[in-house]
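First up is the structure itself, then whatever we jot down about it.
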Amino acid sequence: MATYDYDVLYIGSGHGTFDGAIPLGAKGKKVAVVEQDLVGGTCPNRGCNAKIILDSPVALQRHMENVHGVVTGETTINWPANQAHKHAVIDGLPAFIQGLLDNNNIDIIFGRGILADEHTVKINGQAKTANKIVISTGLRSNRLDIPGTNFAHDSEEFLNLEQIPQHVTVIGAGYIAMEFATMANAAGAKVTVLLRGDKALRAYHQPFVEEIINDLTQRGVTFMRGVTVDEITENGQQYTVNTGSATIETDWVLDATGRIPNVENIGLEEVGVKYNAKGIVVDDYLRTSVPNIYASGDVIDKSQPKLTPTAIFESLYLMHTFAGETTEPIVYPVIPSVVFTSPRLAQVGVTVAEAKAHPESYTLEINHIPDDWYRQVDQEQMGDNVLIFDKNHKLVGATEVSHKADDVINALLPAIEFKFGPSEIERMVHLFPTIASSAWGQL
Ligand SMILES: Cc1cc2nc3c(=O)[nH]c(=O)nc-3n(C[C@H](O)[C@H](O)[C@H](O)COP(=O)(O)OP(=O)(O)OC[C@H]3O[C@@H](n4cnc5c(N)ncnc54)[C@H](O)[C@@H]3O)c2cc1C
Ligand SMILES: NC(=O)c1ccc[n+]([C@@H]2O[C@H](COP(=O)([O-])OP(=O)(O)OC[C@H]3O[C@@H](n4cnc5c(N)ncnc54)[C@H](O)[C@@H]3O)[C@@H](O)[C@H]2O)c1
């Protein structure tokens, strides 16, 4: 039998890798992780963690607005102070994650990994062999292919801004566009959001998306729909964003037009690993078209949301496979998603659009958040949710727009994932008064 340097070698060190690699090392497998940048990948270093720290005072500011008169005084966000706080919280994460890998005897090889054959990866020209290889190279920001695209910035540059610019122009209307427009507006910037079509956050219930857009509009954000950006030019200290119908003078441009898979120049074609514009093609075992080469995390072409919890679930599934603990295909649980605007917009399971398309299978219940006594405690002024039930009145989906939508959807997850009926729901005793008890009170 062939012998290899490693049982498993991962290319990339994000959540698609490390959550599973660490326990795999602990189980005695010989594991290597190849990383060309910061250990831990996007989420800890330039994604979720940085974003939620910069957003935290926005959520607090909204809470203070609601209880104005009870808690008095003006609140403003000190962006540089929060940046310093962000650095204090996240700058140590690569070393922390590297420590976890080290402690489990996992070799970290720094450099760009390129597949040489089905069992070999070259890093800076040095060949390392492995029985199984996992491609977990993630996504990178799309850059518009227009004149002056170099004057625009990506999400990482926004998250590292030392000062908030006076005027920020956001191109796109997805997660990053809506979350970052919210933060920039709250920190005092004038913000213009340019939508290519007429909808934002297309995967979400559109009336709830419009509640968020209306709220941001009242706070001074300008939304321009049906706009195609043709060119960005430099104009002294400022930039000019030219569209077919308008010219916008601005201090800073955020290109938030999506993220694309890191599949180029890593030897996929040479070794025969199939991919397309959405990522690497895998089967139900996360195997690529080359059976001993797997893929994990955002780089996979999949219907599940490309989020950290999905990447963690996949890396844990592969860990169980490589440890010989399962030979079953991956079965994804219901995966919730949330947009960290203020208010939040979260959803899980069957969507409102799907439920409305199949009235023979589903019923919908709508709740107006400020009607709930518990939400009146914090004087929540806005928000709605829709609960979706099947014909046996089991909860199969939920979506909410509110300041606590993330916590509500998290709280409802077990009912959906484990298909709880009335007797299980009765046995779930929640602390009172809390958001979980409020959420379950609706069932
Ligand atoms: C601004 C932003 C905010 C986000 N917020 C959230 C959020 O709130 N909640 C949420 O669930 N998700 C969020 N996400 C998504 C989340 O970050 C990703 O789903 C998650 O990081 C995916 O992990 P991954 O391991 O698949 O990829 P990544 O974390 O991107 O890791 C891939 C790694 O591979 C390395 N790499 C690439 N090619 C090579 C190569 N050839 N050789 C060696 N190394 C290589 C890269 O350097 C990188 O470190 C956010 C993303 C962004 C950009
Ligand atoms: N809260 C979260 O979980 C969270 C937050 C941020 C990012 N993310 C993840 O990061 C990834 C990327 O987020 P994103 O916001 O960059 O992508 P996205 O796909 O959510 O949104 C991209 C936006 O750009 C628009 N667009 C695309 N091409 C365009 C063009 N040529 N001109 C103008 N507009 C164009 C799209 O219509 C869409 O509105 C997603 O996979 C998401 O899962 C998640």
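Residue names in the structure tokens use chain letters A, B, ... in the order shown, residue numbers from 1 in each chain, and ligand numbers from 1 in the order shown.
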
Query - All residues 6 Å or closer to range 255-267 of chain A, only C-alpha atoms, same chain fewer than 2 positions away omitted, as a list of chain:residue names - result: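 The contact residues come out as A:Ile114, A:Leu115, A:Thr137, A:Gly138, A:Leu139, A:Arg140, A:Ser141, A:Asn142, A:Ala152, A:His153, A:Asp154, A:Ile171, A:Gly172, A:Ala177, A:Glu269, A:Glu270, A:Gly279, A:Val299.
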
Query raised in the report: Can you tell me which residues sit at most 6 Å away from ligand 1, counting only C-alpha atoms and all ligand atoms, written as a ChimeraX atom specification?
Result: /A:11-17,34-38,40-43,47-48,111-114,136-139,155,262,266,297-299,306-309,311

Write to file, as a compact mmCIF listing (two decimals), in the first residue's frame, the residues of the selection just made, with N, CA and C atoms.
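Written out: selection-v4.txt:
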```txt
# COMPACT_ATOMS: atom_id res chain seq x y z
N ILE A 11 -6.15 22.33 2.09
CA ILE A 11 -5.66 23.58 1.49
C ILE A 11 -6.61 24.68 1.94
N GLY A 12 -6.10 25.62 2.78
CA GLY A 12 -6.93 26.65 3.40
C GLY A 12 -7.14 26.32 4.87
N SER A 13 -7.20 27.36 5.72
CA SER A 13 -7.29 27.10 7.17
C SER A 13 -8.51 27.76 7.81
N GLY A 14 -9.57 28.02 7.01
CA GLY A 14 -10.77 28.64 7.57
C GLY A 14 -11.64 27.63 8.31
N HIS A 15 -12.88 28.06 8.60
CA HIS A 15 -13.80 27.17 9.33
C HIS A 15 -14.09 25.89 8.54
N GLY A 16 -13.97 25.95 7.20
CA GLY A 16 -14.17 24.74 6.40
C GLY A 16 -13.12 23.70 6.71
N THR A 17 -12.04 24.11 7.37
CA THR A 17 -10.94 23.22 7.73
C THR A 17 -10.83 22.99 9.24
N VAL A 34 -2.45 23.76 4.90
CA VAL A 34 -1.66 24.70 4.09
C VAL A 34 -2.40 26.03 4.07
N GLU A 35 -1.73 27.12 4.39
CA GLU A 35 -2.38 28.44 4.41
C GLU A 35 -1.44 29.49 3.82
N GLN A 36 -2.00 30.31 2.91
CA GLN A 36 -1.17 31.33 2.26
C GLN A 36 -1.31 32.70 2.93
N ASP A 37 -2.21 32.80 3.93
CA ASP A 37 -2.47 34.12 4.53
C ASP A 37 -2.65 33.91 6.04
N LEU A 38 -3.65 34.57 6.64
CA LEU A 38 -3.84 34.45 8.08
C LEU A 38 -4.53 33.15 8.46
N GLY A 40 -7.01 30.75 10.06
CA GLY A 40 -8.40 30.97 10.49
C GLY A 40 -9.27 31.47 9.35
N GLY A 41 -8.65 32.04 8.31
CA GLY A 41 -9.41 32.43 7.11
C GLY A 41 -10.27 33.67 7.31
N THR A 42 -11.34 33.74 6.54
CA THR A 42 -12.15 34.96 6.41
C THR A 42 -12.89 35.31 7.70
N CYS A 43 -13.62 34.36 8.26
CA CYS A 43 -14.57 34.69 9.33
C CYS A 43 -13.89 35.35 10.53
N GLY A 47 -14.13 38.95 8.42
CA GLY A 47 -15.55 38.68 8.14
C GLY A 47 -16.39 38.86 9.38
N CYS A 48 -17.02 37.77 9.81
CA CYS A 48 -18.02 37.79 10.88
C CYS A 48 -17.56 38.51 12.15
N GLY A 111 2.14 29.01 2.78
CA GLY A 111 2.42 29.16 1.36
C GLY A 111 1.18 28.80 0.56
N ARG A 112 1.29 28.99 -0.74
CA ARG A 112 0.14 28.69 -1.60
C ARG A 112 0.17 27.21 -2.00
N GLY A 113 -0.93 26.51 -1.75
CA GLY A 113 -1.01 25.09 -2.10
C GLY A 113 -1.53 24.92 -3.51
N ILE A 114 -0.85 24.10 -4.28
CA ILE A 114 -1.28 23.83 -5.67
C ILE A 114 -1.26 22.32 -5.88
N SER A 136 -10.30 23.74 0.57
CA SER A 136 -11.16 24.60 1.41
C SER A 136 -10.66 26.03 1.27
N THR A 137 -10.63 26.49 0.00
CA THR A 137 -9.96 27.76 -0.31
C THR A 137 -10.89 28.97 -0.26
N GLY A 138 -12.19 28.77 0.02
CA GLY A 138 -13.08 29.90 0.27
C GLY A 138 -13.39 30.76 -0.95
N LEU A 139 -13.83 31.99 -0.65
CA LEU A 139 -14.25 32.96 -1.67
C LEU A 139 -13.39 34.22 -1.54
N SER A 155 -14.84 44.61 1.23
CA SER A 155 -15.34 44.55 2.61
C SER A 155 -14.19 44.57 3.61
N ASN A 262 -12.41 30.70 -4.94
CA ASN A 262 -10.96 30.64 -5.20
C ASN A 262 -10.63 29.28 -5.83
N ILE A 266 -4.88 26.60 -8.96
CA ILE A 266 -4.54 25.68 -7.85
C ILE A 266 -4.51 24.23 -8.36
N GLY A 297 -16.65 23.89 2.84
CA GLY A 297 -16.82 25.34 3.05
C GLY A 297 -17.31 26.08 1.83
N ASP A 298 -17.06 27.38 1.84
CA ASP A 298 -17.61 28.30 0.83
C ASP A 298 -17.24 27.95 -0.60
N VAL A 299 -16.12 27.25 -0.81
CA VAL A 299 -15.65 27.00 -2.17
C VAL A 299 -16.52 25.97 -2.90
N LYS A 306 -23.77 29.98 1.97
CA LYS A 306 -22.30 29.95 2.17
C LYS A 306 -21.97 30.77 3.41
N LEU A 307 -22.08 30.12 4.55
CA LEU A 307 -21.93 30.78 5.85
C LEU A 307 -20.99 29.96 6.73
N THR A 308 -20.52 30.59 7.80
CA THR A 308 -19.64 29.90 8.74
C THR A 308 -20.27 28.63 9.33
N PRO A 309 -21.53 28.65 9.81
CA PRO A 309 -22.07 27.41 10.38
C PRO A 309 -22.12 26.27 9.36
N ALA A 311 -19.94 25.85 6.87
CA ALA A 311 -18.54 25.40 6.73
C ALA A 311 -18.14 24.53 7.94
```

Report task. Considering only C-alpha atoms and all ligand atoms, state which residue in the set A:Gln304, A:Thr76, A:Ser437, A:Asn392 is at the smallest distance from ligand 2. Result ->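 For ligand 2, the nearest of the candidates is A:Gln304.
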
Requested in this report: Compare A:Ala130, A:Ile164, A:Ala2, A:Ala84 by their minimum atom-to-atom distance to Val31 in chain A, counting only C-alpha atoms, and give me the closest one.
Outcome: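 Closest to Val31 in chain A, using only C-alpha atoms: A:Ala130.
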
Query raised in the report: Can you list, as a ChimeraX atom specification, every protein, DNA or RNA residue that comes within 12 Å of Ala405 in chain A when you count only C-alpha atoms, leaving out same-chain residues fewer than 6 positions away?
Result: /A:208,336-348,369,375,380,382-386,398-399,411-412,435-436,438-439

Any chance you can output those residues with C-alpha atoms as a short mmCIF file (atom, residue, chain, number, x, y, z; two decimals), in the first residue's frame?
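Below you can see result_18.cif, which holds the result:
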```
data_model
loop_
_atom_site.label_atom_id
_atom_site.label_comp_id
_atom_site.auth_asym_id
_atom_site.auth_seq_id
_atom_site.Cartn_x
_atom_site.Cartn_y
_atom_site.Cartn_z
CA PHE A 208 -39.34 42.70 5.55
CA PRO A 336 -30.58 29.59 9.48
CA SER A 337 -29.30 32.87 8.09
CA VAL A 338 -29.33 36.45 9.33
CA VAL A 339 -28.51 39.87 7.96
CA PHE A 340 -26.92 41.96 10.73
CA THR A 341 -28.69 45.16 9.83
CA SER A 342 -30.43 47.01 12.65
CA PRO A 343 -33.16 45.69 12.87
CA ARG A 344 -31.89 42.20 12.01
CA LEU A 345 -33.48 40.07 9.32
CA ALA A 346 -33.32 36.31 9.95
CA GLN A 347 -34.91 33.22 8.44
CA VAL A 348 -34.83 29.44 8.55
CA ILE A 369 -43.57 42.36 17.12
CA ARG A 375 -41.03 43.32 23.27
CA GLU A 380 -39.36 47.79 20.38
CA MET A 382 -41.03 47.91 14.71
CA GLY A 383 -40.83 44.37 13.39
CA ASP A 384 -42.90 41.43 12.20
CA ASN A 385 -42.53 37.72 11.85
CA VAL A 386 -44.08 34.95 9.80
CA ALA A 398 -39.83 31.16 10.24
CA THR A 399 -38.65 34.60 9.29
CA ALA A 411 -34.53 29.74 19.72
CA LEU A 412 -37.00 28.21 17.23
CA ILE A 435 -36.72 36.04 24.27
CA ALA A 436 -36.79 32.22 23.95
CA SER A 438 -41.48 34.79 24.02
CA ALA A 439 -40.58 33.05 20.72
#
```

Requested in this report: Tell me, as a ChimeraX atom specification, which residues lie within 12 Å of Val281 in chain A, counting only C-alpha atoms; anything in the same chain fewer than 6 positions away does not count.
Outcome: /A:135,261,263,268,272-275,287-291,293-296,298-303

Output C-alpha atoms for every residue in the selection just made, as a CSV table (one decimal), in the first residue's frame.
```csv
chain,number,residue,atom,x,y,z
A,135,ILE,CA,-9.8,21.9,-0.9
A,261,PRO,CA,-14.7,31.0,-5.4
A,263,VAL,CA,-10.6,28.0,-7.9
A,268,LEU,CA,-7.8,21.8,-10.5
A,272,GLY,CA,-9.3,16.7,-13.1
A,273,VAL,CA,-11.3,18.4,-10.3
A,274,LYS,CA,-14.5,19.8,-11.8
A,275,TYR,CA,-15.8,23.3,-10.9
A,287,ARG,CA,-16.1,14.1,-2.8
A,288,THR,CA,-15.0,16.0,-5.9
A,289,SER,CA,-14.7,14.4,-9.3
A,290,VAL,CA,-11.4,12.9,-8.1
A,291,PRO,CA,-12.5,10.5,-5.4
A,293,ILE,CA,-10.0,14.8,-3.1
A,294,TYR,CA,-12.8,16.5,-1.1
A,295,ALA,CA,-14.0,20.0,-0.8
A,296,SER,CA,-15.4,21.9,2.2
A,298,ASP,CA,-17.6,28.3,0.8
A,299,VAL,CA,-15.7,27.0,-2.2
A,300,ILE,CA,-18.3,24.3,-2.8
A,301,ASP,CA,-21.0,24.8,-5.4
A,302,LYS,CA,-24.1,24.1,-3.2
A,303,SER,CA,-27.6,25.2,-2.5
```

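Comparing A:Asn410, A:Thr310, A:Thr72, A:Gln442 by their smallest distance to ligand 2, the closest is A:Thr310 (using only C-alpha atoms and all ligand atoms).
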
Query - Members of range 111-294 of chain A assigned helix (DSSP H, G or I) by DSSP, as a VMD selection string - result: chain A and resid 149 to 151 155 to 159 175 to 186 206 to 218 268 to 271

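Reported to one decimal place, the separation of CA of Thr327 in chain A from CA of Asp102 in chain A is 28.2 Å.
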
**Report entry** Test item, strand (DSSP E) assignment across range 327-371 of chain A, answer as a list in words
**Finding:**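 Selecting the strand (DSSP E) positions of range 327-371 of chain A gives Ser337, Val338, Val339, Arg344, Leu345, Ala346, Gln347, Val348, Gly349, Thr363, Leu364, Glu365, Ile366, Asn367 and His368 of chain A.
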
Dump as a tab-separated table (two decimals), in the first residue's frame, selection limited to C-alpha atoms:
```
chain	number	residue	atom	x	y	z
A	337	SER	CA	-29.30	32.87	8.09
A	338	VAL	CA	-29.33	36.45	9.33
A	339	VAL	CA	-28.51	39.87	7.96
A	344	ARG	CA	-31.89	42.20	12.01
A	345	LEU	CA	-33.48	40.07	9.32
A	346	ALA	CA	-33.32	36.31	9.95
A	347	GLN	CA	-34.91	33.22	8.44
A	348	VAL	CA	-34.83	29.44	8.55
A	349	GLY	CA	-36.49	26.52	6.80
A	363	THR	CA	-50.23	27.71	6.63
A	364	LEU	CA	-48.74	31.05	7.59
A	365	GLU	CA	-49.16	32.99	10.83
A	366	ILE	CA	-48.11	36.64	11.01
A	367	ASN	CA	-47.17	38.40	14.25
A	368	HIS	CA	-46.52	42.11	14.73
```

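Around Arg196 in chain A, within 6 Å and counting only C-alpha atoms, the residues found are Gly226, Val227 and Thr228 of chain A, once anything fewer than 5 positions away on its own chain is removed.
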
Output file for the residues above (C-alpha atoms, as a PDB file, in the first residue's frame):
```pdb
ATOM      1  CA  GLY A 226     -32.100  50.143 -11.390  1.00  0.00           C
ATOM      2  CA  VAL A 227     -28.636  51.690 -11.540  1.00  0.00           C
ATOM      3  CA  THR A 228     -25.681  50.343 -13.542  1.00  0.00           C
TER       4      THR A 228
END
```

Requested in this report: Give me the residues within 9 Å of Asn103 in chain A as a PyMOL selection string, counting only C-alpha atoms and dropping any in the same chain fewer than 3 places off.
Outcome: chain A and resi 22+25-26+98-100+106

Requested in this report: Pick out the closest residue to Ile248 in chain A from this set: A:Ile335, A:Val168, A:Leu195, A:Ile176. Count only C-alpha atoms.
Outcome: A:Val168

Query raised in the report: With only C-alpha atoms and all ligand atoms as the basis for distance, which of A:Lys278, A:His119, A:Lys391, A:Lys190 is at the shortest distance from ligand 2?
Result: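 Going through A:Lys278, A:His119, A:Lys391, A:Lys190 one by one, the smallest distance to ligand 2 is for A:Lys278.
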
Report task. Tell me, in Å to one decimal, how far CA of Ser315 in chain A is from CA of Glu179 in chain A. Result -> 27.0 Å

Please identify all polymer residues within 10 Å of range 426-433 of chain A, counting only C-alpha atoms, omitting same-chain residues fewer than 5 positions from it, and present them as an mmCIF file with N, CA and C atoms, in the first residue's frame.
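Final output, out14.cif:
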```cif
data_model
loop_
_atom_site.group_PDB
_atom_site.id
_atom_site.type_symbol
_atom_site.label_atom_id
_atom_site.label_comp_id
_atom_site.auth_asym_id
_atom_site.auth_seq_id
_atom_site.Cartn_x
_atom_site.Cartn_y
_atom_site.Cartn_z
ATOM 1 N N TYR A 374 -43.551 41.219 25.849
ATOM 2 C CA TYR A 374 -42.125 41.149 26.195
ATOM 3 C C TYR A 374 -41.318 42.141 25.362
ATOM 4 N N ALA A 411 -33.697 30.409 18.704
ATOM 5 C CA ALA A 411 -34.526 29.742 19.722
ATOM 6 C C ALA A 411 -35.496 28.750 19.089
ATOM 7 N N PRO A 414 -34.677 24.192 17.250
ATOM 8 C CA PRO A 414 -34.929 22.785 17.615
ATOM 9 C C PRO A 414 -36.315 22.312 17.173
ATOM 10 N N ALA A 415 -37.310 23.186 17.247
ATOM 11 C CA ALA A 415 -38.677 22.787 16.866
ATOM 12 C C ALA A 415 -38.714 22.392 15.404
ATOM 13 N N PHE A 420 -40.679 19.003 16.255
ATOM 14 C CA PHE A 420 -41.429 18.870 17.503
ATOM 15 C C PHE A 420 -42.926 19.044 17.276
ATOM 16 N N GLY A 421 -43.720 18.216 17.968
ATOM 17 C CA GLY A 421 -45.169 18.367 18.004
ATOM 18 C C GLY A 421 -45.572 18.978 19.336
ATOM 19 N N SER A 438 -40.580 33.981 24.853
ATOM 20 C CA SER A 438 -41.477 34.786 24.019
ATOM 21 C C SER A 438 -41.657 34.136 22.646
ATOM 22 N N TRP A 440 -41.208 30.945 21.771
ATOM 23 C CA TRP A 440 -41.947 29.673 21.840
ATOM 24 C C TRP A 440 -43.406 29.882 22.211
ATOM 25 N N GLY A 441 -43.695 30.997 22.857
ATOM 26 C CA GLY A 441 -45.088 31.312 23.197
ATOM 27 C C GLY A 441 -45.957 31.461 21.956
ATOM 28 N N LEU A 443 -45.904 29.387 19.454
ATOM 29 C CA LEU A 443 -46.146 28.092 18.778
ATOM 30 C C LEU A 443 -47.432 27.438 19.291
#
```

Query raised in the report: Rounded to one decimal in Å, what is the spacing between CA of Ala184 in chain A and CA of Gln61 in chain A?
Result: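 CA of Ala184 in chain A sits 13.3 Å away from CA of Gln61 in chain A.
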